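Dropping structure.cif in here (mmCIF, C-alpha atoms):
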data_entry
loop_
_atom_site.group_PDB
_atom_site.id
_atom_site.type_symbol
_atom_site.label_atom_id
_atom_site.label_comp_id
_atom_site.auth_asym_id
_atom_site.auth_seq_id
_atom_site.Cartn_x
_atom_site.Cartn_y
_atom_site.Cartn_z
ATOM 1 C CA MET A 1 -197.205 108.380 169.999
ATOM 2 C CA ILE A 2 -194.524 106.029 168.737
ATOM 3 C CA ASP A 3 -191.409 105.844 170.912
ATOM 4 C CA LEU A 4 -188.479 104.279 169.084
ATOM 5 C CA GLU A 5 -185.948 106.232 171.145
ATOM 6 C CA ASN A 6 -185.796 103.672 173.957
ATOM 7 C CA LYS A 7 -186.066 100.544 171.822
ATOM 8 C CA ILE A 8 -183.349 98.408 170.333
ATOM 9 C CA ILE A 9 -183.506 98.780 166.563
ATOM 10 C CA THR A 10 -183.142 95.541 164.599
ATOM 11 C CA SER A 11 -183.484 94.732 160.915
ATOM 12 C CA ASN A 12 -187.213 94.155 161.527
ATOM 13 C CA ILE A 13 -187.656 97.942 161.409
ATOM 14 C CA SER A 14 -187.469 97.675 157.610
ATOM 15 C CA ILE A 15 -190.067 94.905 157.095
ATOM 16 C CA PHE A 16 -193.615 96.034 156.286
ATOM 17 C CA TYR A 17 -196.965 94.586 155.337
ATOM 18 C CA VAL A 18 -198.408 96.654 152.505
ATOM 19 C CA TYR A 19 -202.193 97.045 152.241
ATOM 20 C CA ILE A 20 -203.387 98.610 148.988
ATOM 21 C CA LYS A 21 -206.762 100.302 149.530
ATOM 22 C CA ASN A 22 -207.799 100.833 145.952
ATOM 23 C CA ASP A 23 -207.046 99.759 142.436
ATOM 24 C CA VAL A 24 -204.246 101.414 140.567
ATOM 25 C CA ASN A 25 -205.188 104.698 138.944
ATOM 26 C CA ILE A 26 -204.563 103.899 135.277
ATOM 27 C CA ASP A 27 -204.077 107.564 134.402
ATOM 28 C CA ASN A 28 -201.102 108.159 136.678
ATOM 29 C CA GLY A 29 -200.128 104.647 137.835
ATOM 30 C CA ASP A 30 -200.525 105.459 141.511
ATOM 31 C CA PHE A 31 -202.193 103.886 144.535
ATOM 32 C CA PHE A 32 -202.756 104.488 148.233
ATOM 33 C CA GLY A 33 -203.007 102.371 151.344
ATOM 34 C CA THR A 34 -201.325 101.504 154.612
ATOM 35 C CA ILE A 35 -198.022 99.957 155.584
ATOM 36 C CA LEU A 36 -197.679 98.125 158.893
ATOM 37 C CA ASN A 37 -194.578 97.175 160.835
ATOM 38 C CA GLU A 38 -195.621 94.246 162.995
ATOM 39 C CA SER A 39 -192.396 94.094 165.031
ATOM 40 C CA TYR A 40 -192.559 97.692 166.269
ATOM 41 C CA ASN A 41 -196.367 98.033 166.190
ATOM 42 C CA PHE A 42 -196.804 101.091 164.011
ATOM 43 C CA ALA A 43 -198.515 101.856 160.739
ATOM 44 C CA ILE A 44 -198.355 104.592 158.134
ATOM 45 C CA ASP A 45 -201.162 105.649 155.815
ATOM 46 C CA PHE A 46 -199.917 106.844 152.438
ATOM 47 C CA ASN A 47 -201.758 108.653 149.661
ATOM 48 C CA SER A 48 -199.328 107.894 146.819
ATOM 49 C CA PHE A 49 -196.267 105.785 146.100
ATOM 50 C CA ARG A 50 -194.129 108.904 146.431
ATOM 51 C CA ASN A 51 -195.653 109.704 149.828
ATOM 52 C CA MET A 52 -194.922 106.146 151.002
ATOM 53 C CA MET A 53 -191.303 106.456 149.886
ATOM 54 C CA GLU A 54 -190.835 109.855 151.561
ATOM 55 C CA VAL A 55 -192.235 108.707 154.915
ATOM 56 C CA LEU A 56 -190.213 105.482 154.908
ATOM 57 C CA GLU A 57 -187.076 107.376 153.932
ATOM 58 C CA GLY A 58 -187.679 109.712 156.878
ATOM 59 C CA LEU A 59 -188.113 106.711 159.184
ATOM 60 C CA PHE A 60 -184.917 105.079 157.889
ATOM 61 C CA ASN A 61 -183.004 108.338 158.346
ATOM 62 C CA TYR A 62 -184.336 108.664 161.897
ATOM 63 C CA VAL A 63 -183.283 105.156 162.974
ATOM 64 C CA ASN A 64 -180.256 105.146 160.629
ATOM 65 C CA PHE A 65 -181.200 101.725 159.314
ATOM 66 C CA PRO A 66 -180.743 100.560 156.658
ATOM 67 C CA MET A 67 -177.794 102.910 156.664
ATOM 68 C CA ALA A 68 -177.595 105.222 153.654
ATOM 69 C CA THR A 69 -174.376 105.177 151.658
ATOM 70 C CA HIS A 70 -174.934 108.720 150.329
ATOM 71 C CA GLU A 71 -175.707 111.924 152.146
ATOM 72 C CA GLU A 72 -178.333 114.342 150.898
ATOM 73 C CA ARG A 73 -176.841 116.883 148.500
ATOM 74 C CA THR A 74 -176.924 120.538 149.372
ATOM 75 C CA PHE A 75 -175.417 123.812 148.191
ATOM 76 C CA GLN A 76 -175.561 125.281 151.657
ATOM 77 C CA LYS A 77 -173.174 124.989 154.556
ATOM 78 C CA LYS A 78 -173.306 121.456 155.886
ATOM 79 C CA GLU A 79 -174.837 121.175 159.299
ATOM 80 C CA LYS A 80 -175.355 117.984 161.209
ATOM 81 C CA LYS A 81 -178.919 117.026 160.502
ATOM 82 C CA ASN A 82 -181.081 115.811 163.354
ATOM 83 C CA HIS A 83 -183.723 113.642 161.786
ATOM 84 C CA THR A 84 -187.136 113.491 163.396
ATOM 85 C CA LEU A 85 -189.581 110.643 163.510
ATOM 86 C CA PRO A 86 -192.149 111.068 160.709
ATOM 87 C CA LYS A 87 -195.438 112.407 162.067
ATOM 88 C CA GLU A 88 -197.414 109.987 159.873
ATOM 89 C CA LEU A 89 -196.574 107.017 162.131
ATOM 90 C CA TYR A 90 -199.297 105.870 164.487
ATOM 91 C CA PRO A 91 -199.621 102.916 166.895
ATOM 92 C CA ALA A 92 -201.088 99.820 165.239
ATOM 93 C CA THR A 93 -201.000 96.058 165.555
ATOM 94 C CA LEU A 94 -201.659 93.188 163.174
ATOM 95 C CA GLU A 95 -204.810 92.503 165.185
ATOM 96 C CA MET A 96 -206.235 95.846 164.036
ATOM 97 C CA PHE A 97 -205.957 94.648 160.421
ATOM 98 C CA LYS A 98 -207.376 91.152 160.968
ATOM 99 C CA ASN A 99 -210.263 91.803 158.543
ATOM 100 C CA GLN A 100 -207.860 92.791 155.773
ATOM 101 C CA LYS A 101 -205.302 90.663 154.006
ATOM 102 C CA PRO A 102 -202.016 92.382 153.145
ATOM 103 C CA ASP A 103 -201.088 92.519 149.485
ATOM 104 C CA PHE A 104 -197.309 92.511 149.892
ATOM 105 C CA LEU A 105 -194.491 92.025 152.343
ATOM 106 C CA LEU A 106 -191.863 94.703 151.703
ATOM 107 C CA HIS A 107 -188.337 94.276 153.066
ATOM 108 C CA VAL A 108 -185.911 97.142 152.442
ATOM 109 C CA GLN A 109 -182.463 95.653 153.010
ATOM 110 C CA PHE A 110 -180.081 98.332 151.733
ATOM 111 C CA ARG A 111 -179.969 102.005 150.777
ATOM 112 C CA GLN A 112 -177.103 102.226 148.332
ATOM 113 C CA ASN A 113 -176.423 104.545 145.402
ATOM 114 C CA ALA A 114 -179.174 106.900 146.623
ATOM 115 C CA THR A 115 -181.875 104.250 146.124
ATOM 116 C CA TRP A 116 -183.316 101.179 147.876
ATOM 117 C CA GLN A 117 -182.679 97.485 147.420
ATOM 118 C CA GLY A 118 -184.654 94.629 148.914
ATOM 119 C CA THR A 119 -187.431 92.128 148.311
ATOM 120 C CA LEU A 120 -191.159 92.275 147.655
ATOM 121 C CA GLN A 121 -193.278 89.212 148.397
ATOM 122 C CA TRP A 122 -196.805 88.715 147.092
ATOM 123 C CA ILE A 123 -198.747 87.429 150.094
ATOM 124 C CA SER A 124 -201.349 85.550 148.034
ATOM 125 C CA THR A 125 -198.820 83.534 146.005
ATOM 126 C CA ARG A 126 -195.749 83.728 148.277
ATOM 127 C CA LYS A 127 -193.775 84.722 145.184
ATOM 128 C CA THR A 128 -190.762 86.889 146.047
ATOM 129 C CA LYS A 129 -188.879 89.252 143.732
ATOM 130 C CA ARG A 130 -185.812 91.356 144.378
ATOM 131 C CA PHE A 131 -185.690 95.031 143.466
ATOM 132 C CA ARG A 132 -182.611 97.207 142.967
ATOM 133 C CA SER A 133 -184.262 100.621 143.026
ATOM 134 C CA GLU A 134 -187.451 102.420 143.979
ATOM 135 C CA LEU A 135 -188.415 102.450 140.310
ATOM 136 C CA GLU A 136 -188.158 98.655 140.133
ATOM 137 C CA LEU A 137 -190.217 98.428 143.331
ATOM 138 C CA LEU A 138 -192.931 100.594 141.776
ATOM 139 C CA GLU A 139 -192.849 98.504 138.611
ATOM 140 C CA LEU A 140 -193.193 95.261 140.603
ATOM 141 C CA ILE A 141 -196.184 96.593 142.513
ATOM 142 C CA LEU A 142 -197.912 97.927 139.402
ATOM 143 C CA ASN A 143 -197.251 94.718 137.468
ATOM 144 C CA ALA A 144 -198.600 92.673 140.347
ATOM 145 C CA MET A 145 -201.761 94.730 140.203
ATOM 146 C CA HIS A 146 -202.017 93.996 136.447
ATOM 147 C CA CYS A 147 -201.164 97.453 135.276
ATOM 148 C CA GLU A 148 -198.452 98.796 133.030
ATOM 149 C CA LEU A 149 -196.631 102.088 133.443
#
Could I get this file's structure written as structure tokens?
Amino acid sequence: MIDLENKIITSNISIFYVYIKNDVNIDNGDFFGTILNESYNFAIDFNSFRNMMEVLEGLFNYVNFPMATHEERTFQKKEKKNHTLPKELYPATLEMFKNQKPDFLLHVQFRQNATWQGTLQWISTRKTKRFRSELELLELILNAMHCEL
């Protein structure tokens, strides 16, 4: 069980090693793998890019960092939403992944205009690119894996 309730949340909560477990599926341009936060010792397995985004968005909403500039839209009466910690998180350390080399280092710095901004670093080449949206992030990952949308 991950307990973030009693920890001080720093910007390291939004820095992740990304391990891709298979090649990109050419038919739908998707992939699966694991993301690891070394600072808070937790990992998340994801089965698609969308799943990864949903779980991380839930985590960011729970810790309120990076702070979102837009609230979720709704046609119902607004109630204060109590976000819960995503159930996909499990305890993990970098030591547990010592036999695997991460593919990317993902740093989500902002959540503005209902999308994410940050940097993606290729671990093998140490090349870093900025992204201004989730779509650009997906494009960077797919291009790095030599695949086109």
Query raised in the report: What is the distance between atom CA of Leu36 of chain A and atom CA of Pro102 of chain A, in Å to one decimal?
Result: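 A separation of 9.2 Å between them.
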Query raised in the report: Closest to Glu5 of chain A among A:Tyr62, A:Ser48, A:Phe104, A:Glu136, using all atoms listed in the file?
Result: A:Tyr62
Query - Residues matched by the PyMOL selection byres ((chain A and resi 82-85) around 10), written as a PyMOL selection string - result: chain A and resi 2-5+55+58-64+79-81+86-89
Query - A:Ser11, A:Val18, A:Asp45, A:Met67 ranked by distance to Ile141 of chain A, top pick (using all atoms listed in the file) - result: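 Closest candidate: A:Val18.
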Query - Non-local contacts of Phe49 of chain A (7 Å; only C-alpha atoms; under 2 positions in same chain excluded) as JSON, numbers by chain - result: {"A": [30, 31, 32, 51, 52, 53]}
Query - Output of the PyMOL selection byres ((chain A and resi 19) around 7), listed as a PyMOL selection string - result: chain A and resi 17-18+20-21+33-35+102-103
Report task. Could you tell me how far atom CA of Thr93 of chain A lies from atom CA of Ile44 of chain A, in Å and to one decimal? Result ->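 So the two atoms, atom CA of Thr93 of chain A and atom CA of Ile44 of chain A, lie 11.6 Å apart.
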Query raised in the report: Hey, can you check how far atom CA of Leu120 of chain A sits from atom CA of Glu72 of chain A?
Result: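 Atom CA of Leu120 of chain A sits 25.7 Å away from atom CA of Glu72 of chain A.
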Query raised in the report: Nearest to Asn143 of chain A among A:Asn113, A:Tyr90, A:Gln76, A:Gly29, with distances taken over all atoms listed in the file: which residue is it?
Result: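 Among A:Asn113, A:Tyr90, A:Gln76, A:Gly29, it is A:Gly29 that comes nearest to Asn143 of chain A.
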Query - Minimum-distance residue to His107 of chain A, chosen among A:Ala68, A:Ala144, A:Leu137, A:Leu94 (using all atoms listed in the file) - result: A:Leu137
Report task. For the structure shown, which residues end up in the PyMOL selection byres ((chain A and resi 121) around 9)? Put them as a ChimeraX atom specification, please? Result -> /A:103-107,119-120,122-130
Requested in this report: Kindly indicate which residue among A:Phe42, A:Leu138, A:Glu57, A:Asn37 lies nearest to Ala114 of chain A, using only C-alpha atoms for the distances.
Outcome: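 The answer is A:Glu57, which sits nearest to Ala114 of chain A.
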Extending 5 Å beyond the listed atoms of segment 119-125 of chain A on each side, what axis-aligned box results? I want centre and edge lengths in Å to one decimal, as lines of an AutoDock Vina configuration file.
center_x = -194.4
center_y = 87.9
center_z = 148.0
size_x = 23.9
size_y = 18.7
size_z = 14.1
Query raised in the report: What's the 10 Å shell around Val108 of chain A, counting only C-alpha atoms, without same-chain residues fewer than 6 positions away, as a ChimeraX atom specification?
Result: /A:11-16,56,60,65-66,116-120,130-131
Based on the selection just made, write C-alpha atoms of those residues as a compact mmCIF listing (two decimals), keeping the file's coordinate frame.
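Dumped to result.txt:
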# COMPACT_ATOMS: atom_id res chain seq x y z
CA SER A 11 -183.48 94.73 160.92
CA ASN A 12 -187.21 94.16 161.53
CA ILE A 13 -187.66 97.94 161.41
CA SER A 14 -187.47 97.68 157.61
CA ILE A 15 -190.07 94.90 157.10
CA PHE A 16 -193.62 96.03 156.29
CA LEU A 56 -190.21 105.48 154.91
CA PHE A 60 -184.92 105.08 157.89
CA PHE A 65 -181.20 101.72 159.31
CA PRO A 66 -180.74 100.56 156.66
CA TRP A 116 -183.32 101.18 147.88
CA GLN A 117 -182.68 97.48 147.42
CA GLY A 118 -184.65 94.63 148.91
CA THR A 119 -187.43 92.13 148.31
CA LEU A 120 -191.16 92.28 147.66
CA ARG A 130 -185.81 91.36 144.38
CA PHE A 131 -185.69 95.03 143.47
Kindly add N, CA and C atoms to the incomplete segment 38-73 of chain A and provide the output as an mmCIF file, in the coordinates of the input.
data_model
loop_
_atom_site.group_PDB
_atom_site.id
_atom_site.type_symbol
_atom_site.label_atom_id
_atom_site.label_comp_id
_atom_site.auth_asym_id
_atom_site.auth_seq_id
_atom_site.Cartn_x
_atom_site.Cartn_y
_atom_site.Cartn_z
ATOM 1 N N GLU A 38 -195.103 95.096 161.925
ATOM 2 C CA GLU A 38 -195.621 94.246 162.995
ATOM 3 C C GLU A 38 -194.671 94.184 164.185
ATOM 4 N N SER A 39 -193.373 94.231 163.958
ATOM 5 C CA SER A 39 -192.396 94.094 165.031
ATOM 6 C C SER A 39 -192.387 95.284 165.985
ATOM 7 N N TYR A 40 -192.600 96.482 165.447
ATOM 8 C CA TYR A 40 -192.559 97.692 166.269
ATOM 9 C C TYR A 40 -193.937 98.308 166.479
ATOM 10 N N ASN A 41 -194.971 97.637 165.977
ATOM 11 C CA ASN A 41 -196.367 98.033 166.190
ATOM 12 C C ASN A 41 -196.669 99.473 165.799
ATOM 13 N N PHE A 42 -196.383 99.804 164.537
ATOM 14 C CA PHE A 42 -196.804 101.091 164.011
ATOM 15 C C PHE A 42 -197.232 100.922 162.563
ATOM 16 N N ALA A 43 -198.033 101.851 162.125
ATOM 17 C CA ALA A 43 -198.515 101.856 160.739
ATOM 18 C C ALA A 43 -198.373 103.255 160.173
ATOM 19 N N ILE A 44 -198.429 103.326 158.851
ATOM 20 C CA ILE A 44 -198.355 104.592 158.134
ATOM 21 C C ILE A 44 -199.375 104.534 157.009
ATOM 22 N N ASP A 45 -200.263 105.517 156.958
ATOM 23 C CA ASP A 45 -201.162 105.649 155.815
ATOM 24 C C ASP A 45 -200.441 106.488 154.761
ATOM 25 N N PHE A 46 -200.545 106.068 153.514
ATOM 26 C CA PHE A 46 -199.917 106.844 152.438
ATOM 27 C C PHE A 46 -200.939 107.111 151.360
ATOM 28 N N ASN A 47 -200.794 108.261 150.690
ATOM 29 C CA ASN A 47 -201.758 108.653 149.661
ATOM 30 C C ASN A 47 -201.193 108.549 148.255
ATOM 31 N N SER A 48 -199.942 108.131 148.125
ATOM 32 C CA SER A 48 -199.328 107.894 146.819
ATOM 33 C C SER A 48 -198.048 107.088 147.050
ATOM 34 N N PHE A 49 -197.530 106.519 145.989
ATOM 35 C CA PHE A 49 -196.267 105.785 146.100
ATOM 36 C C PHE A 49 -195.167 106.720 146.578
ATOM 37 N N ARG A 50 -195.150 107.925 146.041
ATOM 38 C CA ARG A 50 -194.129 108.904 146.431
ATOM 39 C C ARG A 50 -194.235 109.229 147.920
ATOM 40 N N ASN A 51 -195.445 109.418 148.415
ATOM 41 C CA ASN A 51 -195.653 109.704 149.828
ATOM 42 C C ASN A 51 -195.140 108.548 150.688
ATOM 43 N N MET A 52 -195.408 107.311 150.276
ATOM 44 C CA MET A 52 -194.922 106.146 151.002
ATOM 45 C C MET A 52 -193.399 106.155 151.064
ATOM 46 N N MET A 53 -192.762 106.433 149.951
ATOM 47 C CA MET A 53 -191.303 106.456 149.886
ATOM 48 C C MET A 53 -190.724 107.560 150.773
ATOM 49 N N GLU A 54 -191.338 108.739 150.764
ATOM 50 C CA GLU A 54 -190.835 109.855 151.561
ATOM 51 C C GLU A 54 -190.934 109.563 153.058
ATOM 52 N N VAL A 55 -192.057 108.997 153.494
ATOM 53 C CA VAL A 55 -192.235 108.707 154.915
ATOM 54 C C VAL A 55 -191.270 107.604 155.354
ATOM 55 N N LEU A 56 -191.140 106.551 154.543
ATOM 56 C CA LEU A 56 -190.213 105.482 154.908
ATOM 57 C C LEU A 56 -188.768 105.968 154.903
ATOM 58 N N GLU A 57 -188.433 106.815 153.964
ATOM 59 C CA GLU A 57 -187.076 107.376 153.932
ATOM 60 C C GLU A 57 -186.814 108.187 155.198
ATOM 61 N N GLY A 58 -187.812 108.958 155.634
ATOM 62 C CA GLY A 58 -187.679 109.712 156.878
ATOM 63 C C GLY A 58 -187.498 108.797 158.078
ATOM 64 N N LEU A 59 -188.250 107.693 158.105
ATOM 65 C CA LEU A 59 -188.113 106.711 159.184
ATOM 66 C C LEU A 59 -186.718 106.100 159.169
ATOM 67 N N PHE A 60 -186.245 105.690 157.994
ATOM 68 C CA PHE A 60 -184.917 105.079 157.889
ATOM 69 C C PHE A 60 -183.820 106.066 158.294
ATOM 70 N N ASN A 61 -183.981 107.328 157.928
ATOM 71 C CA ASN A 61 -183.004 108.338 158.346
ATOM 72 C C ASN A 61 -183.020 108.511 159.863
ATOM 73 N N TYR A 62 -184.204 108.480 160.453
ATOM 74 C CA TYR A 62 -184.336 108.664 161.897
ATOM 75 C C TYR A 62 -183.645 107.540 162.669
ATOM 76 N N VAL A 63 -183.880 106.297 162.268
ATOM 77 C CA VAL A 63 -183.283 105.156 162.974
ATOM 78 C C VAL A 63 -181.909 104.785 162.416
ATOM 79 N N ASN A 64 -181.527 105.403 161.308
ATOM 80 C CA ASN A 64 -180.256 105.146 160.629
ATOM 81 C C ASN A 64 -180.107 103.674 160.260
ATOM 82 N N PHE A 65 -181.221 103.106 159.784
ATOM 83 C CA PHE A 65 -181.200 101.725 159.314
ATOM 84 C C PHE A 65 -182.305 101.526 158.292
ATOM 85 N N PRO A 66 -182.056 100.886 157.163
ATOM 86 C CA PRO A 66 -180.743 100.560 156.658
ATOM 87 C C PRO A 66 -179.930 101.829 156.431
ATOM 88 N N MET A 67 -178.665 101.744 156.733
ATOM 89 C CA MET A 67 -177.794 102.910 156.664
ATOM 90 C C MET A 67 -177.621 103.369 155.219
ATOM 91 N N ALA A 68 -177.752 104.658 154.993
ATOM 92 C CA ALA A 68 -177.595 105.222 153.654
ATOM 93 C C ALA A 68 -176.114 105.349 153.317
ATOM 94 N N THR A 69 -175.770 105.047 152.077
ATOM 95 C CA THR A 69 -174.376 105.177 151.658
ATOM 96 C C THR A 69 -174.078 106.568 151.132
ATOM 97 N N HIS A 70 -175.118 107.359 150.849
ATOM 98 C CA HIS A 70 -174.934 108.720 150.329
ATOM 99 C C HIS A 70 -175.659 109.705 151.229
ATOM 100 N N GLU A 71 -175.051 110.856 151.411
ATOM 101 C CA GLU A 71 -175.707 111.924 152.146
ATOM 102 C C GLU A 71 -176.541 112.752 151.179
ATOM 103 N N GLU A 72 -177.537 113.456 151.724
ATOM 104 C CA GLU A 72 -178.333 114.342 150.898
ATOM 105 C C GLU A 72 -177.439 115.447 150.357
ATOM 106 N N ARG A 73 -177.631 115.813 149.105
ATOM 107 C CA ARG A 73 -176.841 116.883 148.500
ATOM 108 C C ARG A 73 -177.404 118.235 148.884
#
